[in-house]
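Novice: Here's a structure for you.
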Amino acid sequence: MRRYLIAANWKMHGSLEMVHKFAESFDQGVDLGAEVVVFPPVVYLGALQGLTSKYVQVGVQDVGVASAGAHTGEIAASMVKDVGGSWVIVGHSERRADQLEGDDLVAQKFAAVIAAGLSPIVCVGETLAQRKAGDAFAVVSKQLKAIIDLCGVSALAKGAIAYEPLWAIGTGLTATPEQAGQMHASIRDLVAGLDQDVASSVRIIYGGSVNPENAGLLFAQEEVDGALVGGASLQAPSFAAIVAAT
Ligand code: PEP
């Protein structure tokens with residue numbers, strides 16, 4: 001049985017005040033019934049971690065590939081571990097677009113996260129034009145194949161896959177539960193073709209305008225194991241409602 005994974009991606013939003021308010025209102029120090037991870041901007045990682053209980057894990061939205069050295073502005077996965085982080089997002093579509101991160105670099109980041117003993121969430125997803133052209137699964141499988149080729153299929157089980165159709169991120173447009181369910185099932189089939197045990201255990205979560213209203217229907221899909229939440233994770237009550245919808 002896969003445990004739901006609900007992740008909050010704050011992107012470049014937040015302040016110390018928000019971290020305090022969020023922790024106070026969201027975390028009552030009880031099991032939330034799902035694995036919950038919050039990804040604040042990295043500068044707030046320590047503050048958030050210091051204010052939350054063991055039921056709220058923290059992580060970062062990106063890492064460098066190198067383990068240390070002369071790489072100004074970069075942080076290493078081992079440093080995230082050193083300060084108590086557990087998870088790292090790699091390959092978010094905003095980084096693929098804004099920082100021109102390609103599949104090979106994303107795969108190297110995935111490998112660096114695993115090597116540091118942390119869990120990666122790798123984001124995959126197609127544009128609207130690619131979906132309309134019937135290429136959605138081809139795009140997603142190419143993105144995943146880069147990881148599998150570099151790290152091996154068993155590495156997938158050490159993290160999670162986030163299916164995030166680009167046309168649904170921050171747009172208010174959500175994939176229908178059926179669209180999400182179909183893509184998640186296709187991803188699981190792809191993995192099952194290589195390793196049945198990994199396919200059964202890896203969590204495939206959905207991201208793209210998830211909110212308290214649509215979360216329950218998405219989670220009702222057998223293949224949807226949770227959510228990567230952007231906008232609706234910025235307020236503790238709406239994020240809590242999404243967690244409760246599991
Ligand atoms: C995201 O940042 O990964 C995301 C899915 O954002 P939103 O929920 O705002 O669409």
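A note on labels: chains of the structure tokens are A, B, ... as shown, every chain counts residues from 1, and ligands are counted from 1 in their shown order.
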Which residues form the shell of 10 Å around ligand 1 when you count only C-alpha atoms and all ligand atoms, given as a PyMOL selection string?

Specialist: chain A and resi 7-11+61+89+92-94+123+162-174+206-211+227-234

Novice: Please determine, counting only C-alpha atoms, which residue among A:Glu178, A:Asp225, A:Asp135, A:Asp27 has the shortest atom-to-atom distance to Ser201 in chain A.

Specialist: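 Counting only C-alpha atoms, the residue closest to Ser201 in chain A is A:Asp225.
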
Novice: Could you work out how far CA of Gln179 in chain A lies from CA of Arg131 in chain A, giving the answer in Å with one decimal?

Specialist: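 Going from CA of Arg131 in chain A over to CA of Gln179 in chain A, I get 10.8 Å.
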
Novice: Report as a PyMOL selection string all protein, DNA and RNA residues lying within 8 Å of Ala160 in chain A, evaluated on only C-alpha atoms, omitting residues in the same chain fewer than 5 positions from it.

Specialist: chain A and resi 119-122+202-205

Novice: Which one of A:Ile161, A:Val63, A:Leu128, A:Gly102 sits closest to Val224 in chain A if you count only C-alpha atoms?

Specialist: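 The closest residue to Val224 in chain A is A:Ile161.
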
Novice: Looking at A:Leu190, A:Ala146, A:Val153, A:Met18, which one is nearest to Asp104 in chain A, with distances taken over only C-alpha atoms?

Specialist: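 Among the listed residues, A:Ala146 lies closest to Asp104 in chain A.
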
Novice: Figure out the distance between CA of Thr127 in chain A and CA of Val90 in chain A, please, to one decimal in Å.

Specialist: 17.9 Å

Novice: If DSSP is run on the backbone, what residues of range 41-96 of chain A are helix (DSSP H, G or I)? A reply as a list of chain:residue names would be ideal.

Specialist: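 Residues of range 41-96 of chain A classed as helix (DSSP H, G or I): A:Val42, A:Val43, A:Tyr44, A:Leu45, A:Gly46, A:Ala47, A:Leu48, A:Gln49, A:Gly50, A:Leu51, A:Ala77, A:Ser78, A:Met79, A:Val80, A:Lys81, A:Asp82, A:Ser93, A:Glu94, A:Arg95, A:Arg96.
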
Novice: Could you take the residues named above and write them with N, CA and C atoms, as a PDB file, in the first residue's frame?

Specialist:
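Listing of result_19.pdb after writing:
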```
ATOM      1  N   VAL A  42      15.094  28.077  -0.141  1.00  0.00           N
ATOM      2  CA  VAL A  42      16.106  27.399   0.672  1.00  0.00           C
ATOM      3  C   VAL A  42      16.542  28.209   1.897  1.00  0.00           C
ATOM      4  N   VAL A  43      16.491  29.530   1.799  1.00  0.00           N
ATOM      5  CA  VAL A  43      16.951  30.338   2.939  1.00  0.00           C
ATOM      6  C   VAL A  43      16.043  30.172   4.162  1.00  0.00           C
ATOM      7  N   TYR A  44      14.829  29.675   3.959  1.00  0.00           N
ATOM      8  CA  TYR A  44      13.902  29.491   5.086  1.00  0.00           C
ATOM      9  C   TYR A  44      13.845  28.047   5.579  1.00  0.00           C
ATOM     10  N   LEU A  45      14.668  27.192   4.990  1.00  0.00           N
ATOM     11  CA  LEU A  45      14.622  25.762   5.341  1.00  0.00           C
ATOM     12  C   LEU A  45      14.839  25.537   6.843  1.00  0.00           C
ATOM     13  N   GLY A  46      15.895  26.147   7.376  1.00  0.00           N
ATOM     14  CA  GLY A  46      16.234  25.928   8.783  1.00  0.00           C
ATOM     15  C   GLY A  46      15.154  26.450   9.708  1.00  0.00           C
ATOM     16  N   ALA A  47      14.634  27.636   9.382  1.00  0.00           N
ATOM     17  CA  ALA A  47      13.588  28.233  10.235  1.00  0.00           C
ATOM     18  C   ALA A  47      12.359  27.335  10.254  1.00  0.00           C
ATOM     19  N   LEU A  48      11.949  26.873   9.082  1.00  0.00           N
ATOM     20  CA  LEU A  48      10.747  26.034   9.019  1.00  0.00           C
ATOM     21  C   LEU A  48      10.985  24.719   9.745  1.00  0.00           C
ATOM     22  N   GLN A  49      12.170  24.160   9.522  1.00  0.00           N
ATOM     23  CA  GLN A  49      12.468  22.876  10.157  1.00  0.00           C
ATOM     24  C   GLN A  49      12.481  22.993  11.677  1.00  0.00           C
ATOM     25  N   GLY A  50      12.986  24.133  12.163  1.00  0.00           N
ATOM     26  CA  GLY A  50      13.046  24.345  13.607  1.00  0.00           C
ATOM     27  C   GLY A  50      11.676  24.524  14.242  1.00  0.00           C
ATOM     28  N   LEU A  51      10.685  24.850  13.432  1.00  0.00           N
ATOM     29  CA  LEU A  51       9.355  25.155  13.978  1.00  0.00           C
ATOM     30  C   LEU A  51       8.353  24.023  13.779  1.00  0.00           C
ATOM     31  N   ALA A  77      23.500  18.588  -2.417  1.00  0.00           N
ATOM     32  CA  ALA A  77      22.492  17.758  -1.747  1.00  0.00           C
ATOM     33  C   ALA A  77      22.956  17.365  -0.343  1.00  0.00           C
ATOM     34  N   SER A  78      24.258  17.106  -0.197  1.00  0.00           N
ATOM     35  CA  SER A  78      24.761  16.703   1.129  1.00  0.00           C
ATOM     36  C   SER A  78      24.562  17.820   2.159  1.00  0.00           C
ATOM     37  N   MET A  79      24.583  19.090   1.683  1.00  0.00           N
ATOM     38  CA  MET A  79      24.364  20.222   2.607  1.00  0.00           C
ATOM     39  C   MET A  79      22.907  20.253   3.068  1.00  0.00           C
ATOM     40  N   VAL A  80      22.024  19.901   2.149  1.00  0.00           N
ATOM     41  CA  VAL A  80      20.590  19.852   2.494  1.00  0.00           C
ATOM     42  C   VAL A  80      20.390  18.798   3.582  1.00  0.00           C
ATOM     43  N   LYS A  81      21.064  17.676   3.398  1.00  0.00           N
ATOM     44  CA  LYS A  81      20.963  16.604   4.405  1.00  0.00           C
ATOM     45  C   LYS A  81      21.547  17.075   5.734  1.00  0.00           C
ATOM     46  N   ASP A  82      22.669  17.764   5.656  1.00  0.00           N
ATOM     47  CA  ASP A  82      23.369  18.241   6.856  1.00  0.00           C
ATOM     48  C   ASP A  82      22.455  19.103   7.737  1.00  0.00           C
ATOM     49  N   SER A  93       9.272  22.232 -14.085  1.00  0.00           N
ATOM     50  CA  SER A  93       9.156  22.816 -15.433  1.00  0.00           C
ATOM     51  C   SER A  93       9.592  24.278 -15.456  1.00  0.00           C
ATOM     52  N   GLU A  94       9.465  24.973 -14.301  1.00  0.00           N
ATOM     53  CA  GLU A  94       9.920  26.378 -14.288  1.00  0.00           C
ATOM     54  C   GLU A  94      11.442  26.444 -14.412  1.00  0.00           C
ATOM     55  N   ARG A  95      12.137  25.482 -13.820  1.00  0.00           N
ATOM     56  CA  ARG A  95      13.601  25.451 -13.987  1.00  0.00           C
ATOM     57  C   ARG A  95      13.989  24.948 -15.378  1.00  0.00           C
ATOM     58  N   ARG A  96      13.230  23.986 -15.876  1.00  0.00           N
ATOM     59  CA  ARG A  96      13.530  23.517 -17.241  1.00  0.00           C
ATOM     60  C   ARG A  96      13.387  24.687 -18.220  1.00  0.00           C
TER      61      ARG A  96
END
```

Novice: Take CA of Ala199 in chain A and CA of Gly152 in chain A and report the distance between them in Å, one decimal.

Specialist: 13.0 Å

Novice: For Arg2 in chain A, which of A:Ala66, A:Val140, A:Ala34, A:Leu118 is the closest residue, counting only C-alpha atoms?

Specialist: A:Ala34
